[in-house]
file input_29.csv (CSV, C-alpha atoms and all ligand atoms)
chain,number,residue,atom,x,y,z
M,1,MET,CA,-56.2,80.8,18.6
M,2,LYS,CA,-52.6,81.7,19.3
M,3,ALA,CA,-50.4,78.8,20.5
M,4,ALA,CA,-46.9,77.5,20.8
M,5,VAL,CA,-46.5,74.9,18.0
M,6,VAL,CA,-43.8,72.3,17.4
M,7,ASP,CA,-43.6,70.9,13.9
M,8,ARG,CA,-40.9,68.2,14.3
M,9,ALA,CA,-39.3,66.1,17.0
M,10,GLY,CA,-36.9,68.2,19.0
M,11,GLY,CA,-38.1,71.4,17.3
M,12,ILE,CA,-38.5,74.7,19.2
M,13,PRO,CA,-42.1,75.8,19.7
M,14,ARG,CA,-43.2,78.8,17.6
M,15,TYR,CA,-45.9,81.3,18.4
M,16,GLN,CA,-48.5,81.0,15.6
M,17,ASP,CA,-52.2,80.4,14.8
M,18,PHE,CA,-53.6,77.0,15.5
M,19,PRO,CA,-57.2,75.8,14.9
M,20,ASP,CA,-59.5,76.4,18.0
M,21,PRO,CA,-60.2,73.2,19.9
M,22,GLU,CA,-63.8,71.9,19.7
M,23,VAL,CA,-65.7,71.1,22.9
M,24,GLY,CA,-67.1,67.6,22.9
M,25,GLU,CA,-69.4,65.8,25.3
M,26,GLY,CA,-68.2,65.8,28.9
M,27,GLN,CA,-65.5,68.3,28.0
M,28,VAL,CA,-65.0,72.0,29.1
M,29,LEU,CA,-63.2,74.9,27.5
M,30,VAL,CA,-60.5,76.5,29.6
M,31,THR,CA,-59.0,79.9,29.0
M,32,VAL,CA,-55.3,79.3,29.9
M,33,GLU,CA,-53.7,81.6,32.5
M,34,ALA,CA,-50.4,79.9,33.3
M,35,VAL,CA,-48.3,76.9,32.3
M,36,ALA,CA,-45.1,75.7,33.9
M,37,VAL,CA,-42.5,74.4,31.5
M,38,GLU,CA,-40.7,71.4,33.0
M,39,ASN,CA,-38.0,68.9,32.0
M,40,VAL,CA,-40.7,66.4,31.2
M,41,ASP,CA,-42.3,68.8,28.6
M,42,ARG,CA,-38.9,69.3,26.9
M,43,ALA,CA,-38.3,65.5,26.9
M,44,ILE,CA,-41.7,64.9,25.3
M,45,VAL,CA,-41.0,67.5,22.6
M,46,ALA,CA,-37.5,65.9,22.1
M,47,GLY,CA,-39.1,62.5,21.8
M,48,THR,CA,-37.0,61.1,24.6
M,49,HIS,CA,-39.7,60.6,27.3
M,50,TYR,CA,-41.5,57.3,27.6
M,51,THR,CA,-44.8,59.0,27.1
M,52,ALA,CA,-43.7,60.9,24.0
M,53,THR,CA,-45.2,58.6,21.4
M,54,GLN,CA,-48.7,60.2,21.2
M,55,PHE,CA,-47.3,63.8,21.0
M,56,GLN,CA,-44.8,62.8,18.3
M,57,ALA,CA,-47.5,61.0,16.2
M,58,ALA,CA,-49.7,64.1,16.3
M,59,LEU,CA,-47.1,66.7,15.1
M,60,PRO,CA,-47.5,69.6,14.4
M,61,ALA,CA,-48.6,69.8,18.0
M,62,ILE,CA,-48.8,72.1,21.1
M,63,PRO,CA,-46.5,71.1,24.0
M,64,CYS,CA,-47.3,70.8,27.7
M,65,PHE,CA,-50.1,68.7,29.2
M,66,ASP,CA,-51.4,70.6,32.3
M,67,GLY,CA,-51.8,74.2,33.4
M,68,ILE,CA,-54.0,76.7,35.2
M,69,GLY,CA,-56.9,78.4,33.6
M,70,ARG,CA,-60.5,79.7,34.0
M,71,LEU,CA,-63.7,78.0,33.2
M,72,ALA,CA,-66.6,79.9,31.5
M,73,ASP,CA,-68.0,80.7,35.0
M,74,GLY,CA,-64.7,82.3,36.1
M,75,THR,CA,-63.6,79.5,38.3
M,76,LEU,CA,-59.8,79.2,38.5
M,77,VAL,CA,-58.8,75.6,38.0
M,78,GLY,CA,-55.8,73.3,37.5
M,79,PHE,CA,-56.5,71.1,34.5
M,80,GLY,CA,-55.0,68.3,32.5
M,81,GLY,CA,-56.0,65.3,30.3
M,82,ILE,CA,-55.5,67.2,27.1
M,83,THR,CA,-55.2,65.2,23.9
M,84,PRO,CA,-52.5,65.9,21.3
M,85,PRO,CA,-52.1,67.7,18.9
M,86,TYR,CA,-53.6,70.1,21.5
M,87,GLY,CA,-51.5,71.0,24.5
M,88,THR,CA,-51.7,73.7,27.2
M,89,LEU,CA,-49.2,76.3,25.7
M,90,ALA,CA,-52.1,78.0,24.0
M,91,GLN,CA,-54.9,80.6,24.6
M,92,TYR,CA,-57.5,77.9,25.1
M,93,ALA,CA,-57.6,74.2,26.0
M,94,VAL,CA,-60.4,71.6,25.9
M,95,VAL,CA,-60.2,68.9,28.6
M,96,PRO,CA,-62.5,66.4,30.3
M,97,ALA,CA,-64.6,68.2,32.9
M,98,THR,CA,-63.4,65.5,35.3
M,99,HIS,CA,-59.8,66.6,34.8
M,100,THR,CA,-60.3,70.1,36.4
M,101,ALA,CA,-59.9,71.0,40.1
M,102,PRO,CA,-60.5,74.4,41.6
M,103,ILE,CA,-57.4,76.3,42.8
M,104,PRO,CA,-57.8,77.5,46.4
M,105,GLU,CA,-58.3,81.2,47.0
M,106,GLY,CA,-55.1,83.2,47.5
M,107,ILE,CA,-52.9,81.3,45.1
M,108,ASP,CA,-51.9,83.2,42.0
M,109,PRO,CA,-52.0,81.3,38.7
M,110,PRO,CA,-48.2,81.3,38.1
M,111,ILE,CA,-47.6,79.9,41.6
M,112,ALA,CA,-50.5,77.4,41.2
M,113,ALA,CA,-48.7,76.2,38.0
M,114,VAL,CA,-45.7,75.2,40.1
M,115,LEU,CA,-47.5,73.7,43.1
M,116,SER,CA,-46.9,70.1,41.8
M,117,SER,CA,-43.2,70.7,42.0
M,118,ALA,CA,-43.5,71.6,45.7
M,119,ILE,CA,-45.9,68.8,46.4
M,120,SER,CA,-43.2,66.4,45.0
M,121,GLY,CA,-41.1,67.2,48.0
M,122,MET,CA,-43.8,66.0,50.3
M,123,CYS,CA,-42.7,62.4,49.3
M,124,MET,CA,-40.3,62.7,52.2
M,125,ARG,CA,-43.3,62.3,54.5
M,126,THR,CA,-45.8,60.4,52.3
M,127,ALA,CA,-43.3,57.8,50.9
M,128,ALA,CA,-40.6,57.8,53.6
M,129,GLY,CA,-42.6,58.7,56.7
M,130,LEU,CA,-40.2,61.5,57.8
M,131,SER,CA,-40.4,62.4,61.5
M,132,ALA,CA,-39.4,65.7,63.0
M,133,GLY,CA,-35.7,65.7,64.0
M,134,GLU,CA,-34.6,63.2,61.4
M,135,THR,CA,-31.7,64.0,58.9
M,136,VAL,CA,-32.7,64.6,55.3
M,137,LEU,CA,-30.4,64.4,52.3
M,138,VAL,CA,-31.7,66.1,49.2
M,139,GLN,CA,-29.9,64.9,46.0
M,140,GLY,CA,-30.2,67.5,43.2
M,141,ALA,CA,-31.1,70.3,45.6
M,142,THR,CA,-30.1,73.2,43.3
M,143,GLY,CA,-33.0,72.4,40.8
M,144,VAL,CA,-36.5,73.8,41.2
M,145,ALA,CA,-37.9,70.7,42.8
M,146,GLY,CA,-34.8,70.2,45.0
M,147,ARG,CA,-34.8,73.7,46.3
M,148,LEU,CA,-38.4,73.4,47.3
M,149,ALA,CA,-37.6,70.0,48.9
M,150,VAL,CA,-35.0,71.7,51.1
M,151,LYS,CA,-37.5,74.3,52.2
M,152,ILE,CA,-40.1,71.6,52.8
M,153,ALA,CA,-37.7,69.5,54.9
M,154,ARG,CA,-37.2,72.5,57.1
M,155,LEU,CA,-40.9,73.2,57.4
M,156,LEU,CA,-41.5,69.5,58.3
M,157,GLY,CA,-39.1,69.8,61.1
M,158,ALA,CA,-36.1,67.9,59.8
M,159,GLY,CA,-33.3,68.0,62.4
M,160,ARG,CA,-30.5,68.3,59.8
M,161,ILE,CA,-30.6,68.9,56.0
M,162,VAL,CA,-27.8,67.9,53.7
M,163,ALA,CA,-28.1,69.2,50.1
M,164,THR,CA,-26.2,68.2,47.0
M,165,GLY,CA,-25.5,70.0,43.7
M,166,ARG,CA,-22.8,70.7,41.2
M,167,ASN,CA,-22.4,74.5,41.5
M,168,ASP,CA,-20.8,76.1,44.5
M,169,ASP,CA,-22.6,79.4,44.3
M,170,ALA,CA,-26.0,77.6,44.0
M,171,LEU,CA,-25.0,75.4,46.9
M,172,GLN,CA,-24.2,78.4,49.1
M,173,GLU,CA,-27.7,79.8,48.3
M,174,LEU,CA,-29.2,76.6,49.7
M,175,LYS,CA,-27.7,77.4,53.1
M,176,ASN,CA,-30.0,80.5,53.1
M,177,LEU,CA,-33.0,78.3,52.3
M,178,GLY,CA,-32.4,75.9,55.1
M,179,ALA,CA,-29.6,73.5,54.3
M,180,ASP,CA,-27.2,72.9,57.1
M,181,THR,CA,-24.5,71.2,55.0
M,182,VAL,CA,-23.8,71.1,51.3
M,183,ILE,CA,-21.9,68.6,49.1
M,184,ASN,CA,-20.6,69.3,45.6
M,185,THR,CA,-21.1,66.1,43.5
M,186,ALA,CA,-18.8,67.4,40.7
M,187,VAL,CA,-15.7,65.7,42.2
M,188,ASP,CA,-13.9,62.4,41.7
M,189,ASP,CA,-15.8,59.3,42.7
M,190,ALA,CA,-13.6,58.6,45.7
M,191,ASP,CA,-13.9,62.1,46.9
M,192,LEU,CA,-17.7,62.1,46.6
M,193,VAL,CA,-18.0,58.8,48.5
M,194,GLN,CA,-15.8,60.4,51.2
M,195,ALA,CA,-17.9,63.5,51.3
M,196,PHE,CA,-21.1,61.5,51.8
M,197,ARG,CA,-19.3,59.7,54.7
M,198,ASP,CA,-17.9,62.9,56.2
M,199,HIS,CA,-21.3,64.5,56.5
M,200,VAL,CA,-23.3,61.4,57.5
M,201,GLY,CA,-23.5,62.4,61.2
M,202,ASP,CA,-25.7,59.9,62.9
M,203,GLY,CA,-27.1,58.7,59.6
M,204,TYR,CA,-29.1,59.9,56.6
M,205,ASP,CA,-32.6,59.0,57.7
M,206,VAL,CA,-34.4,60.0,54.5
M,207,VAL,CA,-32.9,60.7,51.0
M,208,VAL,CA,-35.1,62.6,48.5
M,209,ASP,CA,-33.4,61.7,45.2
M,210,TYR,CA,-34.0,63.9,42.2
M,211,LEU,CA,-30.7,62.7,40.6
M,212,TRP,CA,-30.2,58.9,40.5
M,213,GLY,CA,-27.3,58.0,38.2
M,214,ARG,CA,-23.7,58.4,39.4
M,215,PRO,CA,-24.3,60.5,42.6
M,216,THR,CA,-26.8,58.0,44.0
M,217,GLU,CA,-24.7,55.0,43.0
M,218,LEU,CA,-21.8,56.5,45.0
M,219,LEU,CA,-24.1,57.3,47.9
M,220,THR,CA,-25.1,53.6,48.1
M,221,ARG,CA,-21.4,52.8,48.2
M,222,ALA,CA,-20.8,55.4,51.0
M,223,LEU,CA,-23.5,53.8,53.1
M,224,ILE,CA,-21.7,50.5,53.3
M,225,PRO,CA,-20.4,50.2,56.9
M,226,ASP,CA,-16.7,49.4,57.6
M,227,SER,CA,-17.6,47.0,60.4
M,228,PHE,CA,-20.2,44.5,61.3
M,229,ALA,CA,-22.2,47.2,63.2
M,230,MET,CA,-25.9,47.3,62.6
M,231,PRO,CA,-26.4,50.5,60.5
M,232,LYS,CA,-29.3,52.9,60.9
M,233,PRO,CA,-31.8,52.4,58.1
M,234,THR,CA,-31.7,55.0,55.3
M,235,ARG,CA,-35.1,55.5,53.5
M,236,LEU,CA,-34.3,56.6,49.9
M,237,VAL,CA,-37.2,58.0,47.8
M,238,GLN,CA,-36.6,57.8,44.1
M,239,ILE,CA,-38.3,60.8,42.4
M,240,GLY,CA,-36.1,62.0,39.6
M,241,GLU,CA,-33.3,61.0,37.3
M,242,SER,CA,-31.5,64.2,36.3
M,243,ALA,CA,-28.1,62.5,36.6
M,244,GLY,CA,-29.1,59.3,34.8
M,245,PRO,CA,-31.8,56.6,34.5
M,246,THR,CA,-29.9,53.7,36.0
M,247,ILE,CA,-27.6,52.9,38.9
M,248,GLN,CA,-25.4,49.8,39.6
M,249,LEU,CA,-26.6,48.7,43.0
M,250,THR,CA,-24.1,46.2,44.4
M,251,GLY,CA,-25.3,43.4,46.7
M,252,ASP,CA,-23.1,44.5,49.6
M,253,ALA,CA,-24.5,48.0,49.4
M,254,LEU,CA,-28.0,46.7,49.9
M,255,ARG,CA,-27.2,43.8,52.2
M,256,THR,CA,-25.1,45.7,54.7
M,257,SER,CA,-26.3,49.3,54.7
M,258,GLY,CA,-29.9,49.1,56.0
M,259,LEU,CA,-30.9,50.9,52.8
M,260,GLU,CA,-34.6,50.9,51.8
M,261,ILE,CA,-35.6,52.3,48.4
M,262,TYR,CA,-39.1,53.5,47.7
M,263,GLY,CA,-40.7,55.1,44.6
M,264,ALA,CA,-42.2,58.5,45.2
M,265,ALA,CA,-45.6,57.2,44.3
M,266,ARG,CA,-45.6,55.1,47.5
M,267,ASN,CA,-48.7,56.0,49.6
M,268,MET,CA,-49.5,58.8,47.2
M,269,ALA,CA,-53.1,57.6,46.7
M,270,THR,CA,-53.8,58.0,50.5
M,271,GLY,CA,-51.4,60.9,51.3
M,272,MET,CA,-51.9,63.2,48.3
M,273,ALA,CA,-54.8,65.2,49.6
M,274,ASP,CA,-53.1,66.1,52.9
M,275,ALA,CA,-49.8,66.8,51.2
M,276,TYR,CA,-51.6,69.2,48.8
M,277,GLN,CA,-53.4,71.0,51.6
M,278,GLN,CA,-50.3,71.4,53.6
M,279,VAL,CA,-48.4,72.9,50.7
M,280,VAL,CA,-51.3,75.3,49.9
M,281,ASP,CA,-51.4,76.4,53.6
M,282,TRP,CA,-47.7,77.1,53.6
M,283,VAL,CA,-47.9,79.1,50.4
M,284,ARG,CA,-50.8,81.1,51.6
M,285,SER,CA,-49.2,81.9,54.9
M,286,GLY,CA,-45.9,82.9,53.2
M,287,GLU,CA,-43.9,80.2,54.9
M,288,LEU,CA,-43.2,78.5,51.6
M,289,THR,CA,-42.1,80.7,48.7
M,290,ILE,CA,-42.0,79.3,45.1
M,291,ASP,CA,-39.6,81.1,42.6
M,292,VAL,CA,-41.0,81.5,39.1
M,293,THR,CA,-39.9,83.4,36.0
M,294,THR,CA,-42.9,84.4,33.9
M,295,MET,CA,-42.8,85.1,30.1
M,296,PRO,CA,-45.6,85.7,27.6
M,297,LEU,CA,-46.7,83.0,25.2
M,298,SER,CA,-45.7,85.2,22.3
M,299,GLN,CA,-42.1,84.9,23.4
M,300,ILE,CA,-42.1,81.1,23.6
M,301,ALA,CA,-39.3,80.5,21.1
M,302,THR,CA,-37.0,82.6,23.3
M,303,ALA,CA,-38.3,81.3,26.6
M,304,TRP,CA,-38.0,77.6,25.5
M,305,ILE,CA,-34.2,77.9,25.0
M,306,ARG,CA,-33.4,79.9,28.1
M,307,ALA,CA,-30.6,78.3,30.1
M,308,ASP,CA,-30.3,80.9,32.8
M,309,LEU,CA,-33.2,79.9,35.0
M,310,ARG,CA,-31.4,77.7,37.5
M,311,GLY,CA,-33.6,77.0,40.5
M,312,THR,CA,-36.6,79.0,39.2
M,313,ARG,CA,-39.4,77.6,37.1
M,314,LEU,CA,-40.3,79.0,33.7
M,315,VAL,CA,-44.1,79.8,33.6
M,316,ILE,CA,-45.7,80.9,30.4
M,317,ILE,CA,-48.6,83.3,30.4
M,318,PRO,CA,-50.8,83.6,27.3
M,319,ASP,CA,-51.0,87.2,26.1
E,401,LIG,N1,-40.6,69.3,38.6
E,401,LIG,C1,-41.4,68.5,39.3
E,401,LIG,O1,-42.5,68.8,39.7
E,401,LIG,C2,-40.8,67.1,39.5
E,401,LIG,C3,-41.6,66.3,40.3
E,401,LIG,C4,-41.1,65.0,40.5
E,401,LIG,C5,-39.9,64.6,39.9
E,401,LIG,N2,-39.2,65.5,39.1
E,401,LIG,C6,-38.0,65.0,38.5
E,401,LIG,O2,-36.9,65.5,39.3
E,401,LIG,C7,-35.8,65.8,38.6
E,401,LIG,C8,-35.4,67.3,38.8
E,401,LIG,O3,-36.5,68.1,38.4
E,401,LIG,P1,-36.5,69.7,38.5
E,401,LIG,O4,-37.7,70.2,38.0
E,401,LIG,O5,-36.0,70.2,39.8
E,401,LIG,O6,-35.3,70.0,37.4
E,401,LIG,P2,-34.2,71.2,37.3
E,401,LIG,O7,-34.8,72.4,37.9
E,401,LIG,O8,-33.7,71.2,35.9
E,401,LIG,O9,-33.0,70.6,38.3
E,401,LIG,C9,-32.2,69.6,37.9
E,401,LIG,C10,-31.3,69.3,39.1
E,401,LIG,O10,-30.5,68.1,38.7
E,401,LIG,C11,-29.1,68.6,38.6
E,401,LIG,N3,-28.5,67.9,37.5
E,401,LIG,C12,-28.8,67.9,36.2
E,401,LIG,N4,-28.0,67.1,35.5
E,401,LIG,C13,-27.1,66.5,36.4
E,401,LIG,C14,-26.1,65.6,36.2
E,401,LIG,N5,-25.8,65.1,35.0
E,401,LIG,N6,-25.4,65.3,37.3
E,401,LIG,C15,-25.7,65.8,38.5
E,401,LIG,N7,-26.7,66.7,38.7
E,401,LIG,C16,-27.4,67.0,37.7
E,401,LIG,C17,-29.1,70.1,38.5
E,401,LIG,O11,-27.9,70.6,38.9
E,401,LIG,P3,-27.5,72.1,38.3
E,401,LIG,O12,-28.3,73.1,39.2
E,401,LIG,O13,-26.1,72.2,38.6
E,401,LIG,O14,-27.9,72.2,36.9
E,401,LIG,C18,-30.3,70.4,39.4
E,401,LIG,O15,-29.9,70.3,40.7
E,401,LIG,C19,-36.2,65.5,37.1
E,401,LIG,O16,-35.7,64.2,36.8
E,401,LIG,C20,-37.7,65.6,37.1
E,401,LIG,O17,-38.3,64.9,36.1
E,401,LIG,C21,-39.6,66.7,38.9

call {"tool": "encode", "arguments": {"input": "input_29.csv", "output": "structure tokens"}}
result
Amino acid sequence: MKAAVVDRAGGIPRYQDFPDPEVGEGQVLVTVEAVAVENVDRAIVAGTHYTATQFQAALPAIPCFDGIGRLADGTLVGFGGITPPYGTLAQYAVVPATHTAPIPEGIDPPIAAVLSSAISGMCMRTAAGLSAGETVLVQGATGVAGRLAVKIARLLGAGRIVATGRNDDALQELKNLGADTVINTAVDDADLVQAFRDHVGDGYDVVVDYLWGRPTELLTRALIPDSFAMPKPTRLVQIGESAGPTIQLTGDALRTSGLEIYGAARNMATGMADAYQQVVDWVRSGELTIDVTTMPLSQIATAWIRADLRGTRLVIIPD
């Protein structure tokens, strides 16, 4: 079969022949239709992700670990559970039958491939219990997941949406997607702390945090009150680390601010089915749009190094 193949850590995938996968007991053959390329896939190929060991040990190997494809009976499914050296950037994939789930009618394969990015934004409800009318701050709102989180905050009835990013043009676009206020994080520390304070209104009820690192560290400082007043709690959901893997959280920031920090996985086991269905319903009705850029598998080497896709997800289609 044709596949995108990486031959060394950090290498660029090349379109070439690769042995067909063999179907074992309990497994199914999937004809791949669409695969979203995300930061996590690049990090695994680069060897910098905590799950990269198995992929790196199997080189030469095919990147990406989930996708959308058709079973032999024509059913369109989302699938995962693939074992390196096999990956999903290929014409075919073999996965455990238990790791396939039908894609609802009316969702095209490239959009289906990006549903998980949209569902990530539902953590503002599943993990933080967002109520209609509350204020949501999206950290890293110019990225694919962040833009979707802004749209989802609006659909969930947020009262006010504050969005952060590093690029003024991209931040202006967010206002068309539903953000009421934008903050550029590419400023001096003191100015960013002040900007978070200037736009706090009657409090950031929920923070959906795709950044962590410096911007979130400065946010925690901005939440420290300047009196002994009882602050309104801020429920921060940690879901990404585009700006860095760590923050320095000072005792006073936690002690005085009413800050509560949750992982995005909180309540996922019980809330995932509803979150998934809600996102599917919005996509079908046209209330939620997902921006994708599709490219054929044969052009993977060019696609992999594209740096012009801000806010839109790269989706590879086997040709
Ligand atoms: N994709 C998903 O389904 C998903 C689900 C859960 C969690 N996550 C995690 O969420 C994060 C964002 O994912 P994504 O798919 O939205 O990625 P993305 O499209 O590449 O967006 C990354 C975002 O982070 C910003 N950013 C990158 N480096 C930064 C830095 N050093 N300082 C400040 N801002 C920085 C980008 O700003 P610019 O626009 O200015 O570049 C952009 O807003 C990643 O950590 C990812 O692993 C993703």

call {"tool": "residues_near_ligand", "arguments": {"input": "input_29.csv", "ligand": "ligand LIG 401 (chain E)", "cutoff": "9 Å", "atoms": "all atoms listed in the file", "output": "NGL selection string"}}
result
:M and (37-40 or 114-121 or 139-148 or 164-168 or 170-171 or 185-186 or 209-215 or 238-245 or 264 or 309-313)

call {"tool": "closest_residue", "arguments": {"input": "input_29.csv", "among": "M:Ala58, M:Ala163, M:Met124, M:Ala253", "to": "Arg266 of chain M", "atoms": "only C-alpha atoms"}}
result
M:Met124

call {"tool": "closest_atom_pairs", "arguments": {"input": "input_29.csv", "of": "segment 47-148 of chain M", "to": "segment 284-295 of chain M", "cutoff": "7 Å", "atoms": "only C-alpha atoms", "output": "JSON lines"}}
result
{"residue": "M:Gly106", "atom": "CA", "partner": "M:Arg284", "partner_atom": "CA", "distance": 6.3}
{"residue": "M:Ile107", "atom": "CA", "partner": "M:Arg284", "partner_atom": "CA", "distance": 6.8}
{"residue": "M:Ile111", "atom": "CA", "partner": "M:Ile290", "partner_atom": "CA", "distance": 6.6}

call {"tool": "closest_atom_pairs", "arguments": {"input": "input_29.csv", "of": "segment 233-297 of chain M", "to": "segment 192-203 of chain M", "cutoff": "12 Å", "atoms": "all atoms listed in the file", "output": "tab-separated table"}}
result
residue	atom	partner	partner_atom	distance
M:Pro233	CA	M:Gly203	CA	8.0
M:Thr234	CA	M:Gly203	CA	7.3
M:Arg235	CA	M:Gly203	CA	10.6
M:Ser257	CA	M:Gly203	CA	10.6
M:Gly258	CA	M:Gly203	CA	10.6
M:Leu259	CA	M:Gly203	CA	11.0

call {"tool": "atom_distance", "arguments": {"input": "input_29.csv", "atom1": "atom CA of Arg125 of chain M", "atom2": "atom CA of Gly157 of chain M"}}
result
10.8 Å

call {"tool": "closest_residue", "arguments": {"input": "input_29.csv", "among": "M:Ala97, M:Ala158, M:Trp304, M:Ala128", "to": "Gly11 of chain M", "atoms": "all atoms listed in the file"}}
result
M:Trp304

call {"tool": "closest_residue", "arguments": {"input": "input_29.csv", "among": "M:Ile316, M:Ala43, M:Met122, M:Leu219", "to": "Ala301 of chain M", "atoms": "only C-alpha atoms"}}
result
M:Ile316

call {"tool": "residues_near_point", "arguments": {"input": "input_29.csv", "point": "(-56.7, 76.3, 28.2)", "cutoff": "9 Å", "atoms": "only C-alpha atoms", "output": "ChimeraX atom specification"}}
result
/M:29-34,66-71,79,87-95

call {"tool": "closest_residue", "arguments": {"input": "input_29.csv", "among": "M:Val45, M:Ile62, M:Asp108, M:Gln27", "to": "Gly81 of chain M", "atoms": "all atoms listed in the file"}}
result
M:Gln27

call {"tool": "residues_around", "arguments": {"input": "input_29.csv", "residues": "Ile103 of chain M", "least_positions_apart": "6", "cutoff": "7 Å", "atoms": "all atoms listed in the file", "output": "number ranges by chain"}}
result
M: 76-78

call {"tool": "closest_residue", "arguments": {"input": "input_29.csv", "among": "M:Leu218, M:Val28, M:Met268, M:Ile82", "to": "Gln248 of chain M", "atoms": "all atoms listed in the file"}}
result
M:Leu218

call {"tool": "closest_residue", "arguments": {"input": "input_29.csv", "among": "M:Met230, M:Ala132, M:Pro102, M:Leu297", "to": "Gly74 of chain M", "atoms": "all atoms listed in the file"}}
result
M:Pro102

call {"tool": "atom_distance", "arguments": {"input": "input_29.csv", "atom1": "atom CA of Gln299 of chain M", "atom2": "atom CA of Ala46 of chain M"}}
result
19.6 Å
